[in-house]
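Trainee: Take this structure, written in structure tokens, and hold onto it; I'll ask about it next.
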Amino acid sequence: MFSRPHRRFNPLTGEWVLVSPHRTERPWRGQEELGPSETLPAYDPECYLCPGNARAGGQRNPGYRDVFVFDNDFSALLGDTPTAEFGREDLLLARSERGTCRVVCFSPRHDLTLPELDLASLSKVIEAFTDQYLELGQLPWINHVQIFENRGAIMGASNPHPHGQIWANETVPEQPAKELGACLRYSEEKGSCLLCDYLAVEQAEKARLVCENEHFVALVPFWAVWPFEVLLLSRRHLNAFPDLNVVERNGLADILKRLTTRFDNLFLASFPYSMGFHQRPTDGRDYPALHFHAHFYPPLLRSASVRKFMVGYEMLAEPQRDLTPESAAERLRDLSEVHYKLNGEYPA
Ligand code: H2U
Ligand code: ZN
């Protein structure tokens, strides 16, 4: 059945994706266009994220040595927004939204990306995410903390300096709310966790697994929309960053490094993506049905310069893909976990 056009269901969002595998039945020609060969300096005096430099708002970064977090100078959400509601016969509905945005510099090094950071540095990034989740989450008017990374100019990242962002706000936003609702309904109906059950299915089938360690599993979900989309799941049923013990934090650092190394090795280029963590809301209630996970949504399709566009049928009807999630997983699985830059394959 999976060699003919079919639709696959995403139980987390309740949405379907059209898969057209017959369009990629021709063998993969292995064409690899090399990405931009720009070599970055370890420190860039013009960079607003490098240690000691001035930012747009006039503030100056400290001479930080590992992770540095600051309030976004162009925050999309503001903490002092007064509560207001506008509604006219349900058709023109608006609500004020309070929140705060922060930027997390992963490293003082301007030239390193996530897969190039060492495990100790990555563990510090995870510690910072944990501290931020706790600090922002305990504010009474913050009910959701979204931690994410936009990597690469193609994803709209404004700066190659390794960094992520945190947007924390009053309302649980659309995507996590949809997923949370699905997880709650599933656990009410079945008495178990949707993602624990899903992980068990994937471990039995194996076809969509990419890489794993003692604490985490990276796989291309059955319902993936983006060509090399990955779902990263904790093996233990965790709700949020603070639930990870020290070995799980190190396990997360390990899997993040290995997965993003595979991504870079796919097209021998720095692999762009939007990734982020889904955790329990911070409204003070318990969410036992929620399973800590991360989504990676990378846009590249065939090479460092050929991306998938979500246009046409996908904007007007529903998402579509040619490459099956099983083929994508196989390709990611077959790659080395030694970063291409360390492997003498640095683009000329
Ligand atoms: P992106 O590269 O994903 O755009 O993230 C960088 C963020 O850094 C962006 O949200 C913020 C932008 O608002 N920023 C500052 O807070 N201060 C600056 O001096 C420049 C950019
Ligand atoms: Zn920099």
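Ordered as shown in the structure tokens, chains take letters A, B, and onward, while each chain numbers its residues from 1 and ligands are numbered from 1 in the order shown.
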Residues contacting ligand 2 - anything with an atom at most 7 Å away, using only C-alpha atoms and all ligand atoms - can you give me those as a ChimeraX atom specification?
Mentor: /A:43-44,47-50,109-110,161
Trainee: Got a sec: who's within 12 Å of Ile166 of chain A, counting only C-alpha atoms, leaving out chain neighbours fewer than 3 positions off, as an MDAnalysis selection string?
Mentor: chainID A and resid 69:72 75:77 99:105 128:133 135:137 144:150 163 169 275:277
Trainee: Counting only C-alpha atoms, figure out which residue out of A:Leu93, A:Met155, A:Leu252, A:Leu184 gets nearest to Tyr287 of chain A.
Mentor: A:Leu184
Trainee: Could you pull out the helix (DSSP H, G or I) residues of segment 211-300 of chain A from DSSP and send them as a list of chain:residue names?
Mentor: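 Selection result, helix (DSSP H, G or I) within segment 211-300 of chain A: A:Phe241, A:Pro242, A:Asp243, A:Val246, A:Val247, A:Glu248, A:Arg249, A:Asn250, A:Gly251, A:Leu252, A:Ala253, A:Asp254, A:Ile255, A:Leu256, A:Lys257, A:Arg258, A:Leu259, A:Thr260, A:Thr261, A:Arg262, A:Phe263, A:Asp264, A:Asn265, A:Leu266, A:Phe267.
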Trainee: Give me every strand (DSSP E) residue in segment 51-158 of chain A, going by DSSP on the backbone, as a list in words.
Mentor: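 Those in segment 51-158 of chain A that DSSP calls strand (DSSP E) are Phe68, Val69, Phe70, Asp71, Glu85, Phe86, Gly87, Arg88, Leu92, Leu93, Ala94, Arg95, Gly99, Thr100, Cys101, Arg102, Val103, Val104, Cys105, His144, Val145, Gln146, Ile147, Phe148, Glu149, Asn150 and Arg151 of chain A.
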Trainee: Export, as a CSV table (one decimal), in the first residue's frame, the selected residues with C-alpha atoms.
Mentor:
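And here's out.csv as it stands now:
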```csv
chain,number,residue,atom,x,y,z
A,68,PHE,CA,24.2,33.7,27.8
A,69,VAL,CA,20.5,34.6,28.1
A,70,PHE,CA,19.0,38.1,27.6
A,71,ASP,CA,15.6,39.7,27.1
A,85,GLU,CA,-10.9,41.7,24.9
A,86,PHE,CA,-12.5,42.7,21.7
A,87,GLY,CA,-15.4,40.7,20.3
A,88,ARG,CA,-18.1,41.4,17.7
A,92,LEU,CA,-14.0,39.8,14.9
A,93,LEU,CA,-12.4,38.4,18.0
A,94,ALA,CA,-9.2,39.6,19.7
A,95,ARG,CA,-7.6,39.2,23.1
A,99,GLY,CA,4.4,37.4,27.6
A,100,THR,CA,8.2,37.7,27.3
A,101,CYS,CA,10.8,36.8,24.8
A,102,ARG,CA,14.4,35.9,25.4
A,103,VAL,CA,17.5,35.0,23.3
A,104,VAL,CA,19.8,32.1,24.4
A,105,CYS,CA,23.4,32.2,23.1
A,144,HIS,CA,3.5,28.3,28.5
A,145,VAL,CA,7.2,28.4,27.7
A,146,GLN,CA,8.3,27.7,24.1
A,147,ILE,CA,12.0,27.0,23.7
A,148,PHE,CA,13.1,26.7,20.1
A,149,GLU,CA,16.0,27.2,17.6
A,150,ASN,CA,15.7,28.6,14.1
A,151,ARG,CA,18.9,27.6,12.3
```
Trainee: Out of A:Leu244, A:Val17, A:Leu238, A:Ala253, which residue has the shortest atom-to-atom distance to Ser121 of chain A when counting only C-alpha atoms?
Mentor: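 Comparing A:Leu244, A:Val17, A:Leu238, A:Ala253 against Ser121 of chain A, the winner is A:Ala253.
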Trainee: Please compute the atom CA of His295 of chain A-atom CA of Tyr273 of chain A distance, one decimal, in Å.
Mentor: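 So the answer is 9.9 Å.
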Trainee: Near Asn250 of chain A, counting only C-alpha atoms, which residues have an atom at most 7 Å away, once you skip same-chain residues fewer than 4 positions from it, shown as an NGL selection string?
Mentor: :A and (123 or 246 or 254)
Trainee: I need the residue nearest His293 of chain A from this list: A:Gly164, A:Pro176, A:Pro11, A:Pro21. Use only C-alpha atoms for the distance.
Mentor: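 Closest candidate: A:Pro176.
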Trainee: Quote the spacing between atom CA of Leu233 of chain A and atom CA of Asp66 of chain A in Å to one decimal place.
Mentor: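 Answer for the atom CA of Leu233 of chain A to atom CA of Asp66 of chain A separation: 26.3 Å.
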Trainee: Could you work out how far atom CA of Ser274 of chain A lies from atom CA of Tyr297 of chain A, giving the answer in Å with one decimal?
Mentor: 5.2 Å
Trainee: Nearest to Lys308 of chain A among A:Val217, A:Leu40, A:Val225, A:Val338, with distances taken over only C-alpha atoms: which residue is it?
Mentor: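 Counting only C-alpha atoms, the residue closest to Lys308 of chain A is A:Val225.
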Trainee: With only C-alpha atoms and all ligand atoms as the atoms that count, which of A:Val67, A:Ala157, A:Leu78, A:Ala182 lies nearest to ligand 1?
Mentor: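 Residue with the minimum atom-to-atom distance to ligand 1: A:Ala157.
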Trainee: Need the shell around Phe2 of chain A: protein/DNA/RNA residues with any atom at most 10 Å away, counting only C-alpha atoms. Skip same-chain ones fewer than 6 positions apart. Format as a list in words?
Mentor: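 Counting only C-alpha atoms, the residues come to Arg8, Val19, Ser20, Pro21, His22, Thr324 and Glu326 of chain A.
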Trainee: For the residues in the current selection, export N, CA, C and O atoms as a PDB file, in the first residue's frame.
Mentor:
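Saved result, selection-v2.pdb, follows:
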```pdb
ATOM      1  N   ARG A   8      -1.616   9.871   5.373  1.00  0.00           N
ATOM      2  CA  ARG A   8      -1.251   9.394   6.717  1.00  0.00           C
ATOM      3  C   ARG A   8      -1.773  10.379   7.760  1.00  0.00           C
ATOM      4  O   ARG A   8      -1.754  11.588   7.544  1.00  0.00           O
ATOM      5  N   VAL A  19       0.883  11.354   0.831  1.00  0.00           N
ATOM      6  CA  VAL A  19       2.204  10.806   0.481  1.00  0.00           C
ATOM      7  C   VAL A  19       2.107  10.225  -0.928  1.00  0.00           C
ATOM      8  O   VAL A  19       1.219   9.426  -1.215  1.00  0.00           O
ATOM      9  N   SER A  20       3.031  10.638  -1.800  1.00  0.00           N
ATOM     10  CA  SER A  20       3.017  10.201  -3.209  1.00  0.00           C
ATOM     11  C   SER A  20       4.339   9.534  -3.563  1.00  0.00           C
ATOM     12  O   SER A  20       5.140  10.084  -4.326  1.00  0.00           O
ATOM     13  N   PRO A  21       4.592   8.341  -3.025  1.00  0.00           N
ATOM     14  CA  PRO A  21       5.925   7.709  -3.158  1.00  0.00           C
ATOM     15  C   PRO A  21       6.295   7.369  -4.586  1.00  0.00           C
ATOM     16  O   PRO A  21       7.480   7.307  -4.917  1.00  0.00           O
ATOM     17  N   HIS A  22       5.282   7.146  -5.447  1.00  0.00           N
ATOM     18  CA  HIS A  22       5.597   6.752  -6.824  1.00  0.00           C
ATOM     19  C   HIS A  22       6.391   7.837  -7.534  1.00  0.00           C
ATOM     20  O   HIS A  22       7.049   7.581  -8.525  1.00  0.00           O
ATOM     21  N   THR A 324       9.136   8.940   1.116  1.00  0.00           N
ATOM     22  CA  THR A 324       8.406   8.394   2.274  1.00  0.00           C
ATOM     23  C   THR A 324       9.222   8.622   3.554  1.00  0.00           C
ATOM     24  O   THR A 324      10.461   8.703   3.506  1.00  0.00           O
ATOM     25  N   GLU A 326       9.909   6.489   5.651  1.00  0.00           N
ATOM     26  CA  GLU A 326      10.792   5.330   5.808  1.00  0.00           C
ATOM     27  C   GLU A 326      12.093   5.542   5.024  1.00  0.00           C
ATOM     28  O   GLU A 326      13.181   5.226   5.515  1.00  0.00           O
TER      29      GLU A 326
END
```
Trainee: Could you check the closest approach to Val201 of chain A for each of A:Asp111, A:Thr81, A:Pro221, A:Tyr186 and tell me which residue wins, using only C-alpha atoms?
Mentor: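 Comparing A:Asp111, A:Thr81, A:Pro221, A:Tyr186 against Val201 of chain A, the winner is A:Pro221.
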